[in-house]
>>> print(open('coords.cif').read())   # mmCIF, C-alpha atoms and all ligand atoms
data_work
#
loop_
_atom_site.label_atom_id
_atom_site.label_comp_id
_atom_site.auth_asym_id
_atom_site.auth_seq_id
_atom_site.Cartn_x
_atom_site.Cartn_y
_atom_site.Cartn_z
CA GLU A 28 113.92 88.12 87.07
CA GLU A 29 117.29 87.83 88.87
CA GLN A 30 117.22 91.43 90.18
CA GLU A 31 113.81 90.71 91.73
CA GLU A 32 115.18 87.65 93.53
CA ASP A 33 118.11 89.75 94.81
CA THR A 34 115.62 92.32 96.16
CA LEU A 35 113.48 89.66 97.86
CA ARG A 36 116.59 88.04 99.39
CA GLU A 37 117.52 91.43 100.87
CA LEU A 38 113.93 91.85 102.12
CA ARG A 39 114.12 88.46 103.90
CA LEU A 40 117.44 89.43 105.56
CA PHE A 41 115.84 92.66 106.86
CA LEU A 42 112.67 90.90 108.06
CA ARG A 43 114.66 88.11 109.79
CA ASN A 44 116.76 90.74 111.59
CA VAL A 45 113.71 92.69 112.78
CA THR A 46 111.90 89.51 113.87
CA GLU A 47 114.93 88.25 115.83
CA ARG A 48 115.37 91.63 117.58
CA LEU A 49 111.71 91.58 118.64
CA SER A 50 111.95 87.93 119.77
CA GLN A 51 114.97 88.72 121.99
CA ASP A 52 113.16 91.58 123.76
CA LYS A 53 112.02 90.28 127.19
CA ARG A 54 108.84 92.40 127.04
CA PHE A 55 107.62 90.33 124.08
CA LYS A 56 108.12 86.83 125.52
CA ALA A 57 104.35 86.10 125.45
CA PHE A 58 104.36 86.85 121.71
CA THR A 59 107.26 84.57 120.71
CA LYS A 60 105.35 81.25 120.39
CA PRO A 61 101.78 80.18 119.49
CA VAL A 62 99.37 80.15 122.48
CA ASP A 63 99.13 76.52 123.67
CA ILE A 64 95.53 75.46 122.95
CA GLU A 65 95.83 72.68 125.56
CA GLU A 66 96.79 75.26 128.23
CA VAL A 67 94.34 77.93 127.00
CA PRO A 68 91.43 76.07 125.33
CA ASP A 69 89.20 79.16 124.93
CA TYR A 70 91.92 81.11 123.07
CA ILE A 71 91.07 79.77 119.60
CA LYS A 72 87.34 80.42 120.28
CA VAL A 73 88.06 84.13 120.86
CA ILE A 74 90.99 84.72 118.48
CA ARG A 75 90.23 83.51 114.93
CA HIS A 76 93.63 84.37 113.41
CA PRO A 77 96.41 83.61 115.92
CA MET A 78 99.90 84.89 115.10
CA ASP A 79 103.28 84.94 116.89
CA LEU A 80 106.91 85.84 116.16
CA SER A 81 108.10 82.26 115.55
CA THR A 82 105.35 81.78 112.94
CA ILE A 83 106.38 85.07 111.30
CA LEU A 84 110.03 83.89 111.15
CA SER A 85 108.87 80.64 109.50
CA LYS A 86 106.83 82.63 106.97
CA VAL A 87 109.91 84.75 106.13
CA ASP A 88 111.87 81.58 105.37
CA LEU A 89 108.96 80.19 103.32
CA HIS A 90 109.11 83.32 101.12
CA LYS A 91 105.54 84.28 102.20
CA TYR A 92 106.41 88.00 102.35
CA VAL A 93 107.11 90.05 99.19
CA THR A 94 106.57 93.42 100.94
CA VAL A 95 107.18 94.89 104.40
CA ARG A 96 103.44 95.75 104.48
CA GLU A 97 102.52 92.02 104.56
CA PHE A 98 105.04 91.46 107.39
CA VAL A 99 103.69 94.41 109.42
CA ASN A 100 100.13 93.14 108.88
CA ASP A 101 101.13 89.90 110.68
CA VAL A 102 102.90 91.76 113.52
CA ASP A 103 99.75 93.92 113.86
CA LEU A 104 97.74 90.65 114.23
CA ILE A 105 99.91 89.71 117.24
CA TRP A 106 99.30 92.86 119.28
CA LYS A 107 95.67 93.36 118.15
CA ASN A 108 94.88 89.74 119.20
CA ALA A 109 96.48 90.43 122.60
CA LEU A 110 94.39 93.59 123.15
CA GLU A 111 91.24 91.63 122.22
CA TYR A 112 92.02 88.59 124.39
CA ASN A 113 93.05 90.66 127.43
CA PRO A 114 90.41 93.41 127.84
CA ASP A 115 89.98 93.40 131.61
CA SER A 116 91.14 95.91 134.24
CA ASP A 117 93.10 93.36 136.28
CA PRO A 118 96.88 93.89 136.42
CA SER A 119 97.76 90.84 134.31
CA ASP A 120 95.55 91.99 131.42
CA ARG A 121 96.93 95.54 131.73
CA GLN A 122 100.51 94.26 131.69
CA ILE A 123 100.07 92.27 128.46
CA ARG A 124 98.17 95.16 126.83
CA HIS A 125 101.08 97.48 127.69
CA ARG A 126 103.49 94.97 126.13
CA ALA A 127 101.22 94.63 123.05
CA CYS A 128 101.31 98.40 122.56
CA ALA A 129 105.11 98.35 123.01
CA LEU A 130 105.34 95.68 120.29
CA LYS A 131 103.30 97.92 117.96
CA ASP A 132 105.33 101.06 118.69
CA THR A 133 108.70 99.26 118.53
CA THR A 134 107.94 97.58 115.19
CA HIS A 135 106.58 100.72 113.55
CA ALA A 136 109.59 102.75 114.80
CA ILE A 137 112.08 100.21 113.39
CA ILE A 138 110.32 100.29 110.00
CA ARG A 139 110.19 104.12 110.01
CA ASP A 140 113.89 104.40 110.96
CA GLU A 141 115.40 101.52 108.97
CA LEU A 142 113.33 100.75 105.86
CA ASP A 143 114.52 102.64 102.80
CA GLU A 144 111.56 104.18 100.92
CA ASP A 145 112.95 103.37 97.49
CA PHE A 146 113.64 99.73 98.50
CA ASN A 147 110.07 99.47 99.81
CA ARG A 148 108.66 100.87 96.55
CA ILE A 149 110.60 98.26 94.54
CA CYS A 150 109.12 95.48 96.70
CA GLU A 151 105.59 96.90 96.24
CA GLN A 152 106.11 97.00 92.45
CA ILE A 153 107.24 93.34 92.47
CA ARG A 154 104.07 92.49 94.43
CA GLU A 155 101.84 94.37 91.91
CA ALA A 156 103.50 92.60 88.96
CA ARG A 157 102.83 89.08 90.36
C1 LIG A 201 99.44 85.98 123.58
C2 LIG A 201 98.38 86.52 124.49
O1 LIG A 201 97.61 87.42 124.14
C3 LIG A 201 98.27 85.99 125.84
C4 LIG A 201 99.05 84.99 126.34
S1 LIG A 201 98.60 84.73 127.95
C5 LIG A 201 97.39 85.93 127.89
N1 LIG A 201 96.55 86.30 128.93
C6 LIG A 201 96.63 85.73 130.20
O2 LIG A 201 97.43 84.87 130.46
C7 LIG A 201 95.74 86.20 131.28
C8 LIG A 201 95.83 87.67 131.60
N2 LIG A 201 94.34 87.74 131.61
C9 LIG A 201 94.28 86.39 130.95
N3 LIG A 201 97.33 86.51 126.68
#
>>> encode(input="coords.cif", output="structure tokens")
Amino acid sequence: EEQEEDTLRELRLFLRNVTERLSQDKRFKAFTKPVDIEEVPDYIKVIRHPMDLSTILSKVDLHKYVTVREFVNDVDLIWKNALEYNPDSDPSDRQIRHRACALKDTTHAIIRDELDEDFNRICEQIREAR
């Protein structure tokens, strides 16, 4: 009903704000856009479910997320994909793995510090009822 739509509108405002803050962080530049399959043809062979911050922002605006859990699952895809695609000991792999771990820690800290537990429970109940 109307109260549910008000809740989901507030959820989208929160998720847009978090996504934009992550996208503006210079450490996360490699995670802001889809990997270019023309530039990196083997990427889609290795990573079956690509994800990036611009795609997440589009999903927010398409009302794809009803809970913060679904949003965090997509952010987790971004950094887990990066750890999988960059496993080697060379400095460039280590640098992107460090940035992937920073994306994980930063996102989970923002959610811990800024998501109200009662608001989150209301979103989860809307999800269960649909
Ligand atoms: C998004 C992502 O995981 C990504 C973008 S470039 C990259 N890796 C490299 O460019 C080289 C470092 N060893 C391969 N990984």
>>> residues_near_ligand(input="coords.cif", ligand="ligand LIG 201 (chain A)", cutoff="6 Å", atoms="all atoms listed in the file", output="list in words")
Ala57, Phe58, Val62, Ala109, Tyr112, Asn113, Ser119 and Asp120 of chain A
>>> residues_around(input="coords.cif", residues="A:Glu151", least_positions_apart="4", cutoff="10 Å", atoms="all atoms listed in the file", output="PDB file with C-alpha atoms, keeping the file's coordinate frame")
ATOM      1  CA  VAL A  93     107.110  90.050  99.190  1.00  0.00           C
ATOM      2  CA  THR A  94     106.570  93.420 100.940  1.00  0.00           C
ATOM      3  CA  VAL A  95     107.180  94.890 104.400  1.00  0.00           C
ATOM      4  CA  ARG A  96     103.440  95.750 104.480  1.00  0.00           C
ATOM      5  CA  ASP A 145     112.950 103.370  97.490  1.00  0.00           C
ATOM      6  CA  PHE A 146     113.640  99.730  98.500  1.00  0.00           C
ATOM      7  CA  ASN A 147     110.070  99.470  99.810  1.00  0.00           C
ATOM      8  CA  GLU A 155     101.840  94.370  91.910  1.00  0.00           C
ATOM      9  CA  ALA A 156     103.500  92.600  88.960  1.00  0.00           C
TER      10      ALA A 156
END
>>> closest_residue(input="coords.cif", among="A:Glu29, A:Asp115, A:Asp79, A:Asp88", to="A:Asn100", atoms="only C-alpha atoms")
A:Asp79
>>> residues_around(input="coords.cif", residues="stretch 131-143 of chain A", least_positions_apart="6", cutoff="8 Å", atoms="only C-alpha atoms", output="PyMOL selection string")
chain A and resi 45+49+99+102-103+106
>>> write_last_selection(input="coords.cif", atoms="C-alpha atoms", output="mmCIF file, in the frame of the given file")
data_model
loop_
_atom_site.group_PDB
_atom_site.id
_atom_site.type_symbol
_atom_site.label_atom_id
_atom_site.label_comp_id
_atom_site.auth_asym_id
_atom_site.auth_seq_id
_atom_site.Cartn_x
_atom_site.Cartn_y
_atom_site.Cartn_z
ATOM 1 C CA VAL A 45 113.710 92.690 112.780
ATOM 2 C CA LEU A 49 111.710 91.580 118.640
ATOM 3 C CA VAL A 99 103.690 94.410 109.420
ATOM 4 C CA VAL A 102 102.900 91.760 113.520
ATOM 5 C CA ASP A 103 99.750 93.920 113.860
ATOM 6 C CA TRP A 106 99.300 92.860 119.280
#
>>> atom_distance(input="coords.cif", atom1="atom CA of A:Asn108", atom2="atom CA of A:Leu38")
25.7 Å
>>> closest_residue(input="coords.cif", among="A:Gln51, A:Thr46, A:Gln152, A:Gln122", to="A:Leu84", atoms="only C-alpha atoms")
A:Thr46
>>> atom_distance(input="coords.cif", atom1="atom CA of A:Arg126", atom2="atom CA of A:Arg54")
6.0 Å
>>> atom_distance(input="coords.cif", atom1="atom CA of A:Thr59", atom2="atom CA of A:Asp117")
22.8 Å
>>> closest_residue(input="coords.cif", among="A:Cys150, A:Arg157, A:Glu65, A:Phe55", to="A:Asp33", atoms="only C-alpha atoms")
A:Cys150
>>> closest_residue(input="coords.cif", among="A:Tyr92, A:Ser85, A:Leu130, A:His76", to="A:Asp52", atoms="all atoms listed in the file")
A:Leu130
>>> closest_residue(input="coords.cif", among="A:Leu35, A:Leu110, A:Ile123, A:Leu40", to="A:Ile74", atoms="all atoms listed in the file")
A:Leu110
>>> closest_residue(input="coords.cif", among="A:Ile71, A:Ile153, A:Val87, A:Ala127", to="A:Arg39", atoms="only C-alpha atoms")
A:Val87
>>> build_atoms(input="coords.cif", residues="stretch 44-64 of chain A", atoms="N, CA, C and O atoms", output="CSV table (one decimal), in the frame of the given file")
chain,number,residue,atom,x,y,z
A,44,ASN,N,116.1,89.9,110.6
A,44,ASN,CA,116.8,90.7,111.6
A,44,ASN,C,115.8,91.4,112.5
A,44,ASN,O,115.9,91.4,113.7
A,45,VAL,N,114.7,92.0,112.0
A,45,VAL,CA,113.7,92.7,112.8
A,45,VAL,C,113.0,91.7,113.7
A,45,VAL,O,112.9,91.9,114.9
A,46,THR,N,112.6,90.5,113.1
A,46,THR,CA,111.9,89.5,113.9
A,46,THR,C,112.8,89.0,115.0
A,46,THR,O,112.3,88.8,116.2
A,47,GLU,N,114.1,88.8,114.8
A,47,GLU,CA,114.9,88.2,115.8
A,47,GLU,C,115.1,89.3,116.9
A,47,GLU,O,115.1,88.9,118.1
A,48,ARG,N,115.2,90.6,116.6
A,48,ARG,CA,115.4,91.6,117.6
A,48,ARG,C,114.1,91.7,118.5
A,48,ARG,O,114.2,91.8,119.7
A,49,LEU,N,113.0,91.6,117.9
A,49,LEU,CA,111.7,91.6,118.6
A,49,LEU,C,111.6,90.3,119.5
A,49,LEU,O,111.3,90.4,120.7
A,50,SER,N,112.0,89.2,119.0
A,50,SER,CA,112.0,87.9,119.8
A,50,SER,C,112.9,87.9,121.0
A,50,SER,O,112.6,87.2,121.9
A,51,GLN,N,114.0,88.7,120.9
A,51,GLN,CA,115.0,88.7,122.0
A,51,GLN,C,114.6,89.7,123.1
A,51,GLN,O,115.2,89.8,124.1
A,52,ASP,N,113.6,90.5,122.8
A,52,ASP,CA,113.2,91.6,123.8
A,52,ASP,C,112.3,90.9,124.8
A,52,ASP,O,111.2,90.3,124.5
A,53,LYS,N,112.7,91.0,126.1
A,53,LYS,CA,112.0,90.3,127.2
A,53,LYS,C,110.6,90.7,127.3
A,53,LYS,O,109.7,89.9,127.8
A,54,ARG,N,110.2,91.9,126.9
A,54,ARG,CA,108.8,92.4,127.0
A,54,ARG,C,107.9,91.6,126.1
A,54,ARG,O,106.7,91.5,126.4
A,55,PHE,N,108.5,91.0,125.1
A,55,PHE,CA,107.6,90.3,124.1
A,55,PHE,C,107.6,88.8,124.2
A,55,PHE,O,107.2,88.1,123.3
A,56,LYS,N,108.0,88.3,125.3
A,56,LYS,CA,108.1,86.8,125.5
A,56,LYS,C,106.8,86.2,125.2
A,56,LYS,O,106.8,85.1,124.6
A,57,ALA,N,105.7,86.7,125.7
A,57,ALA,CA,104.4,86.1,125.4
A,57,ALA,C,104.0,86.0,124.0
A,57,ALA,O,103.1,85.3,123.6
A,58,PHE,N,104.7,86.8,123.1
A,58,PHE,CA,104.4,86.8,121.7
A,58,PHE,C,105.3,86.0,120.8
A,58,PHE,O,105.2,86.1,119.6
A,59,THR,N,106.2,85.3,121.5
A,59,THR,CA,107.3,84.6,120.7
A,59,THR,C,106.8,83.2,120.2
A,59,THR,O,107.4,82.7,119.2
A,60,LYS,N,105.8,82.6,120.8
A,60,LYS,CA,105.4,81.2,120.4
A,60,LYS,C,103.8,81.2,120.3
A,60,LYS,O,103.2,82.0,121.0
A,61,PRO,N,103.2,80.3,119.5
A,61,PRO,CA,101.8,80.2,119.5
A,61,PRO,C,101.2,79.9,120.9
A,61,PRO,O,101.9,79.2,121.7
A,62,VAL,N,100.0,80.5,121.2
A,62,VAL,CA,99.4,80.2,122.5
A,62,VAL,C,99.0,78.7,122.5
A,62,VAL,O,98.5,78.1,121.5
A,63,ASP,N,99.4,78.0,123.6
A,63,ASP,CA,99.1,76.5,123.7
A,63,ASP,C,97.6,76.3,123.9
A,63,ASP,O,97.1,76.6,125.0
A,64,ILE,N,97.0,75.7,122.9
A,64,ILE,CA,95.5,75.5,123.0
A,64,ILE,C,95.2,74.5,124.1
A,64,ILE,O,94.1,74.6,124.7
